[in-house]
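Q: Sending over data-v7.csv (CSV, C-alpha atoms).
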chain,number,residue,atom,x,y,z
E,1052,MET,CA,49.4,-4.6,52.7
E,1053,LYS,CA,49.3,-3.0,49.3
E,1054,ILE,CA,46.5,-4.3,47.1
E,1055,LYS,CA,47.2,-4.7,43.5
E,1056,LYS,CA,44.7,-3.0,41.3
E,1057,VAL,CA,43.4,-5.2,38.6
E,1058,GLU,CA,42.5,-3.5,35.4
E,1059,LYS,CA,39.4,-4.7,33.6
E,1060,LYS,CA,40.3,-6.0,30.2
E,1061,LYS,CA,38.6,-4.0,27.5
E,1062,ASP,CA,36.6,-5.9,24.9
E,1063,LYS,CA,38.2,-5.4,21.5
E,1064,VAL,CA,35.9,-4.7,18.6
E,1065,ASN,CA,36.8,-5.5,15.0
E,1066,HIS,CA,35.5,-2.3,13.5
E,1067,PRO,CA,35.4,-0.9,10.0
E,1068,PRO,CA,38.0,1.7,8.9
E,1069,ILE,CA,38.0,5.1,10.6
E,1070,VAL,CA,37.7,7.7,7.9
E,1071,SER,CA,37.3,11.5,7.3
E,1072,PRO,CA,33.9,13.2,7.3
E,1073,GLU,CA,34.2,13.5,3.5
E,1074,GLU,CA,34.9,9.8,3.1
E,1075,TRP,CA,32.1,8.9,5.6
E,1076,GLU,CA,29.6,11.0,3.6
E,1077,ALA,CA,30.6,9.4,0.3
E,1078,ALA,CA,30.0,5.9,1.9
E,1079,ARG,CA,26.6,7.0,3.2
E,1080,GLN,CA,25.6,8.3,-0.2
E,1081,LYS,CA,26.6,5.1,-1.8
E,1082,LEU,CA,24.5,3.1,0.6
E,1083,LEU,CA,21.6,5.5,0.3
E,1084,VAL,CA,21.1,4.4,-3.3
E,1085,LYS,CA,20.3,0.9,-2.1
E,1086,GLU,CA,18.2,2.2,0.7
E,1087,LYS,CA,16.0,4.2,-1.7
E,1088,GLN,CA,15.7,1.1,-3.9
E,1089,LEU,CA,14.4,-0.8,-0.8
E,1090,THR,CA,11.9,2.0,0.0
E,1091,ARG,CA,10.6,1.9,-3.6
E,1092,ALA,CA,10.4,-1.9,-3.5
E,1093,ARG,CA,8.5,-1.7,-0.1
E,1094,ASP,CA,6.0,0.8,-1.6
E,1095,ALA,CA,5.5,-1.5,-4.6
E,1096,LEU,CA,4.8,-4.5,-2.4
E,1097,ALA,CA,2.3,-2.5,-0.4
E,1098,ALA,CA,0.6,-1.6,-3.7
E,1099,GLU,CA,0.3,-5.3,-4.5
E,1100,ARG,CA,-1.3,-5.9,-1.1
E,1101,ARG,CA,-3.9,-3.3,-1.9
E,1102,ARG,CA,-4.8,-5.4,-5.0
E,1103,MET,CA,-5.1,-8.7,-3.1
E,1104,PRO,CA,-8.5,-10.4,-3.4
E,1105,TRP,CA,-10.8,-10.2,-0.3
E,1106,MET,CA,-12.0,-13.3,1.5
E,1107,ALA,CA,-15.6,-13.1,2.8
E,1108,VAL,CA,-15.9,-13.7,6.6
E,1109,GLU,CA,-19.0,-15.9,6.9
E,1110,LYS,CA,-19.0,-16.8,10.6
E,1111,GLU,CA,-20.1,-14.4,13.4
E,1112,TYR,CA,-17.2,-14.6,15.7
E,1113,LYS,CA,-17.7,-13.8,19.4
E,1114,PHE,CA,-15.3,-12.0,21.8
E,1115,GLN,CA,-15.4,-10.7,25.3
E,1116,GLY,CA,-14.3,-7.1,25.9
E,1117,ALA,CA,-13.9,-4.7,28.7
E,1118,GLU,CA,-17.5,-3.6,28.2
E,1119,GLY,CA,-19.0,-7.0,27.6
E,1120,LYS,CA,-19.7,-9.3,24.7
E,1121,ALA,CA,-18.7,-8.2,21.2
E,1122,THR,CA,-18.7,-9.6,17.6
E,1123,LEU,CA,-16.0,-9.2,15.1
E,1124,LEU,CA,-18.0,-6.3,13.6
E,1125,ASP,CA,-18.1,-4.6,17.0
E,1126,LEU,CA,-14.3,-4.7,17.1
E,1127,PHE,CA,-14.2,-2.3,14.1
E,1128,ASP,CA,-15.6,0.3,16.5
E,1129,GLY,CA,-17.5,1.9,13.6
E,1130,ARG,CA,-14.4,2.3,11.4
E,1131,ARG,CA,-13.8,0.9,7.9
E,1132,GLN,CA,-10.8,-1.2,8.6
E,1133,LEU,CA,-9.7,-3.5,11.5
E,1134,ILE,CA,-6.3,-5.0,12.4
E,1135,VAL,CA,-6.2,-7.9,14.9
E,1136,TYR,CA,-3.0,-9.0,16.5
E,1137,ARG,CA,-3.2,-12.4,18.2
E,1138,ALA,CA,-1.2,-12.1,21.4
E,1139,PHE,CA,-0.4,-15.2,23.5
E,1140,PHE,CA,-1.6,-14.5,27.1
E,1141,GLU,CA,-3.2,-17.5,28.7
E,1142,PRO,CA,-2.5,-20.5,30.9
E,1143,GLY,CA,0.3,-22.6,29.5
E,1144,VAL,CA,2.2,-19.6,28.0
E,1145,LYS,CA,5.5,-18.8,29.5
E,1146,GLY,CA,5.1,-15.8,31.9
E,1147,TRP,CA,1.5,-16.5,32.8
E,1148,PRO,CA,-0.2,-15.0,34.7
E,1149,GLU,CA,2.3,-12.1,35.4
E,1150,HIS,CA,3.2,-11.6,31.7
E,1151,ALA,CA,2.1,-12.4,28.2
E,1152,CYS,CA,4.4,-14.2,25.8
E,1153,ILE,CA,7.7,-12.2,25.7
E,1154,GLY,CA,7.6,-11.7,21.9
E,1155,CYS,CA,4.0,-10.5,22.0
E,1156,SER,CA,4.9,-8.2,24.9
E,1157,MET,CA,7.7,-6.7,22.7
E,1158,VAL,CA,5.1,-6.0,20.0
E,1159,ALA,CA,2.7,-4.4,22.5
E,1160,ASP,CA,5.6,-2.2,23.8
E,1161,GLN,CA,6.1,-0.9,20.2
E,1162,VAL,CA,2.5,0.0,19.4
E,1163,ALA,CA,2.1,3.7,18.6
E,1164,HIS,CA,-0.7,5.9,19.8
E,1165,PRO,CA,-3.9,4.6,18.1
E,1166,ALA,CA,-5.3,8.1,17.3
E,1167,HIS,CA,-3.2,8.1,14.1
E,1168,LEU,CA,-4.7,4.8,12.8
E,1169,ASN,CA,-8.1,6.0,13.9
E,1170,ALA,CA,-7.7,9.2,11.8
E,1171,ARG,CA,-7.5,6.9,8.7
E,1172,ASN,CA,-10.7,5.0,9.6
E,1173,THR,CA,-8.7,2.0,11.0
E,1174,THR,CA,-8.9,0.2,14.4
E,1175,LEU,CA,-6.1,-1.9,16.0
E,1176,VAL,CA,-7.0,-4.5,18.6
E,1177,PHE,CA,-5.2,-7.4,20.4
E,1178,ALA,CA,-6.9,-10.7,21.1
E,1179,SER,CA,-6.0,-13.5,23.5
E,1180,ARG,CA,-7.5,-16.4,25.4
E,1181,ALA,CA,-7.1,-15.0,28.8
E,1182,PRO,CA,-10.1,-13.7,30.7
E,1183,GLN,CA,-10.8,-10.0,30.7
E,1184,LYS,CA,-9.9,-9.5,34.4
E,1185,ASP,CA,-6.4,-10.9,33.7
E,1186,ILE,CA,-6.1,-8.8,30.5
E,1187,GLU,CA,-7.1,-5.6,32.3
E,1188,TRP,CA,-4.6,-6.3,35.1
E,1189,LEU,CA,-1.8,-7.0,32.5
E,1190,LYS,CA,-2.6,-3.8,30.6
E,1191,ALA,CA,-2.3,-1.7,33.8
E,1192,ARG,CA,0.9,-3.4,34.8
E,1193,MET,CA,2.6,-3.0,31.5
E,1194,GLY,CA,1.2,0.4,30.5
E,1195,TRP,CA,-0.8,-0.9,27.5
E,1196,GLN,CA,-4.1,0.8,28.4
E,1197,LEU,CA,-4.5,2.3,25.0
E,1198,ILE,CA,-4.6,-1.1,23.2
E,1199,PRO,CA,-8.2,-2.5,23.0
E,1200,TRP,CA,-7.7,-6.1,24.0
E,1201,TYR,CA,-10.3,-8.8,23.7
E,1202,THR,CA,-10.8,-12.4,24.8
E,1203,MET,CA,-11.5,-14.9,22.1
E,1204,THR,CA,-14.3,-17.3,22.9
E,1205,ASP,CA,-14.6,-19.4,19.7
E,1206,GLU,CA,-12.6,-20.6,16.7
E,1207,PHE,CA,-11.3,-17.2,15.6
E,1208,ASP,CA,-7.7,-18.1,16.2
E,1209,THR,CA,-7.9,-21.5,14.4
E,1210,ASP,CA,-9.8,-20.1,11.4
E,1211,PHE,CA,-7.3,-17.3,10.9
E,1212,GLY,CA,-4.0,-19.1,11.4
E,1213,VAL,CA,-3.1,-17.9,14.9
E,1214,ASP,CA,-4.0,-20.8,17.1
E,1215,GLU,CA,-0.4,-21.9,17.6
E,1216,TRP,CA,1.6,-18.8,16.7
E,1217,HIS,CA,1.2,-15.1,16.8
E,1218,GLY,CA,0.0,-13.2,13.7
E,1219,THR,CA,-1.7,-10.0,12.4
E,1220,ASN,CA,-4.9,-10.2,10.4
E,1221,ALA,CA,-6.3,-7.2,8.4
E,1222,PHE,CA,-10.0,-6.9,7.7
E,1223,ILE,CA,-12.3,-4.4,6.0
E,1224,ARG,CA,-16.0,-4.0,6.1
E,1225,ASP,CA,-18.6,-3.0,3.5
E,1226,GLY,CA,-21.6,-2.1,5.7
E,1227,ASP,CA,-22.1,-5.2,7.8
E,1228,SER,CA,-20.2,-7.5,5.4
E,1229,LEU,CA,-16.7,-8.4,6.6
E,1230,PHE,CA,-13.7,-9.4,4.6
E,1231,ARG,CA,-10.2,-10.6,5.4
E,1232,THR,CA,-7.7,-8.7,3.3
E,1233,TYR,CA,-4.2,-9.7,4.5
E,1234,PHE,CA,-2.3,-11.7,7.0
E,1235,ILE,CA,1.3,-11.5,8.3
E,1236,ASN,CA,3.2,-13.6,10.9
E,1237,ASN,CA,6.6,-14.9,12.0
E,1238,ARG,CA,9.3,-12.3,11.3
E,1239,GLY,CA,6.8,-10.2,9.4
E,1240,ASP,CA,5.3,-9.3,12.8
E,1241,GLU,CA,8.7,-7.8,13.8
E,1242,GLN,CA,7.9,-4.6,11.9
E,1243,MET,CA,4.5,-4.1,13.5
E,1244,GLY,CA,3.9,-1.3,16.0
E,1245,SER,CA,4.6,1.6,13.7
E,1246,THR,CA,1.5,3.4,12.3
E,1247,TRP,CA,3.0,3.4,8.8
E,1248,ASN,CA,3.7,-0.3,8.8
E,1249,TYR,CA,0.2,-1.1,10.0
E,1250,PHE,CA,-1.3,1.0,7.2
E,1251,ASP,CA,0.9,-0.8,4.6
E,1252,ILE,CA,-0.7,-4.1,5.4
E,1253,THR,CA,-4.3,-2.8,5.0
E,1254,ALA,CA,-6.4,-2.9,1.9
E,1255,LEU,CA,-6.6,0.9,1.7
E,1256,GLY,CA,-3.0,1.7,2.7
E,1257,ARG,CA,-2.0,5.1,3.9
E,1258,GLN,CA,-4.7,6.7,1.7
E,1259,GLU,CA,-2.4,9.4,0.4
E,1260,GLU,CA,-2.3,10.6,-3.2
E,1261,TRP,CA,1.2,9.5,-4.0
E,1262,GLU,CA,0.3,5.8,-3.5
E,1263,ASP,CA,-0.3,3.4,-6.3
E,1264,SER,CA,-3.9,2.3,-5.4
E,1265,PRO,CA,-6.8,1.0,-7.5
E,1266,GLU,CA,-9.1,3.6,-9.0
E,1267,GLY,CA,-11.7,4.9,-6.5
E,1268,TYR,CA,-9.7,4.2,-3.3
E,1269,PRO,CA,-9.9,7.0,-0.7
E,1270,GLN,CA,-6.9,9.3,-1.0
E,1271,THR,CA,-6.0,12.8,0.2
E,1272,PRO,CA,-2.8,14.9,0.0
E,1273,PRO,CA,0.0,13.8,2.4
E,1274,TYR,CA,0.3,15.6,5.7
E,1275,GLU,CA,-3.2,17.1,5.6
E,1276,TRP,CA,-4.7,14.4,7.8
E,1277,TRP,CA,-1.9,14.3,10.3
E,1278,ILE,CA,-2.9,15.1,13.9
E,1279,TRP,CA,-1.7,15.7,17.4
E,1280,HIS,CA,-3.1,12.7,19.3
E,1281,ASP,CA,-4.3,14.9,22.2
E,1282,GLU,CA,-6.2,17.2,19.8
E,1283,PRO,CA,-7.4,14.7,17.1
E,1284,ASP,CA,-10.1,17.1,15.8
E,1285,ARG,CA,-7.7,20.1,15.3
E,1286,PRO,CA,-6.5,20.5,11.7
Here is the file; what I need is its structure written in the form of structure tokens.

A:
Amino acid sequence: MKIKKVEKKKDKVNHPPIVSPEEWEAARQKLLVKEKQLTRARDALAAERRRMPWMAVEKEYKFQGAEGKATLLDLFDGRRQLIVYRAFFEPGVKGWPEHACIGCSMVADQVAHPAHLNARNTTLVFASRAPQKDIEWLKARMGWQLIPWYTMTDEFDTDFGVDEWHGTNAFIRDGDSLFRTYFINNRGDEQMGSTWNYFDITALGRQEEWEDSPEGYPQTPPYEWWIWHDEPDRP
């Protein structure tokens, strides 16, 4: 018996016009004007963030880390700035105990090597309600070993707007005095993971000379502070 071959119907795509290389480049240059406007607007918005007032953190919040108990000050790990992402990994969250929230997991998958944030005196940590043994197991399963991940033990999530939804809080310290400097959540969290985007929500920014920052903010020439993450002390 001869078997009739059934061809798979191709999906048709309603695509833009097909043009020559010259026409394509002209279209790209036209769009590039708007893209540069967006870049300048993003830089201006980051400059406004650097001029946001600071909110004093009066409570002494407590966490549990891989090495034991820790305060919010301890989470800075001796650096000037701290970024805390509230990840949902706990009983009652979809995926538990094998996975964290699927959106929070996507954020964790995008986090760049922390050495570059550290080079600018900034620490990034995640915080959840799950016990440390579950967090350490999850980090090993998912390849997130480089993310410091703490267990919240008090009202930190309620006080900083992340008890019912994910969000990223930025803090700065002056000695032992702590201040909240910015907060971003919802679709704003979609851009997180990139070193540059994390810097742009902090009080000090990228700390490069081209930035529009208040007088006296730390700044150095671009590129000079860049590092290889496996040789962070090599210029």

Q: Quick one: of E:Met1243, E:Leu1197, E:Val1070, E:Ile1278, who's nearest to E:Gly1154, counting only C-alpha atoms?

A: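 That would be E:Met1243, the residue with the smallest distance to E:Gly1154.
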
Q: Return the single residue from E:Glu1282, E:Asp1251, E:Glu1073, E:Glu1141 that is closest to E:Ala1095, with distances computed using only C-alpha atoms.

A: E:Asp1251

Q: Quick one: residues within 6 Å of stretch 1176-1180 of chain E, all atoms listed in the file counted, chain neighbours fewer than 2 positions away excluded, as a list of chain:residue names?

A: E:Val1135, E:Tyr1136, E:Arg1137, E:Ala1138, E:Phe1139, E:Phe1140, E:Glu1141, E:Pro1199, E:Trp1200, E:Tyr1201, E:Thr1202, E:Met1203

Q: Using only C-alpha atoms for the distances, tell me which of E:Ala1097, E:Leu1124, E:Ala1092, E:Val1064 is nearest to E:Asp1227.

A: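 Checking each of E:Ala1097, E:Leu1124, E:Ala1092, E:Val1064 against E:Asp1227, counting only C-alpha atoms, the winner is E:Leu1124.
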
Q: Using all atoms listed in the file, which of the listed residues (E:Gly1194, E:Gly1116, E:Pro1182, E:Pro1273) sits closest to E:Val1162?

A: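 The closest residue to E:Val1162 is E:Gly1194.
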
Q: Quick one, how far is atom CA of E:Gln1196 from atom CA of E:Arg1238?

A: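 It comes out at 25.4 Å.
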
Q: Quick one: of E:Arg1224, E:Lys1184, E:His1164, E:Lys1081, who's nearest to E:Ile1198, counting all atoms listed in the file?

A: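 With all atoms listed in the file as the atom set, the closest residue is E:His1164.
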
Q: Counting all atoms listed in the file, what is within 8 Å of E:Trp1216, bar same-chain residues fewer than 4 positions away, as a list in words?

A: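 Listed by chain and then number, they are Phe1139, Gly1212, Asn1236 and Asn1237 of chain E.
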
Q: I'd like the neighbourhood of stretch 1165-1170 of chain E as a compact mmCIF listing (two decimals) with C-alpha atoms, in the coordinates of the input, where a residue qualifies if any of its atoms comes within 9 Å (using all atoms listed in the file), though same-chain residues fewer than 5 positions away should be ignored.

A:
# COMPACT_ATOMS: atom_id res chain seq x y z
CA ARG E 1130 -14.40 2.30 11.40
CA LEU E 1175 -6.10 -1.90 16.00
CA LEU E 1197 -4.50 2.30 25.00
CA ILE E 1198 -4.60 -1.10 23.20
CA THR E 1246 1.50 3.40 12.30
CA TRP E 1247 3.00 3.40 8.80
CA TYR E 1249 0.20 -1.10 10.00
CA PHE E 1250 -1.30 1.00 7.20
CA TRP E 1276 -4.70 14.40 7.80
CA TRP E 1277 -1.90 14.30 10.30
CA ILE E 1278 -2.90 15.10 13.90
CA TRP E 1279 -1.70 15.70 17.40
CA HIS E 1280 -3.10 12.70 19.30
CA ASP E 1281 -4.30 14.90 22.20
CA PRO E 1283 -7.40 14.70 17.10

Q: Here is a test: counting all atoms listed in the file, which residue of E:Glu1262, E:Glu1149, E:Asp1205, E:Glu1187 is nearest to E:Leu1096?

A: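 Closest residue, counting all atoms listed in the file: E:Glu1262.
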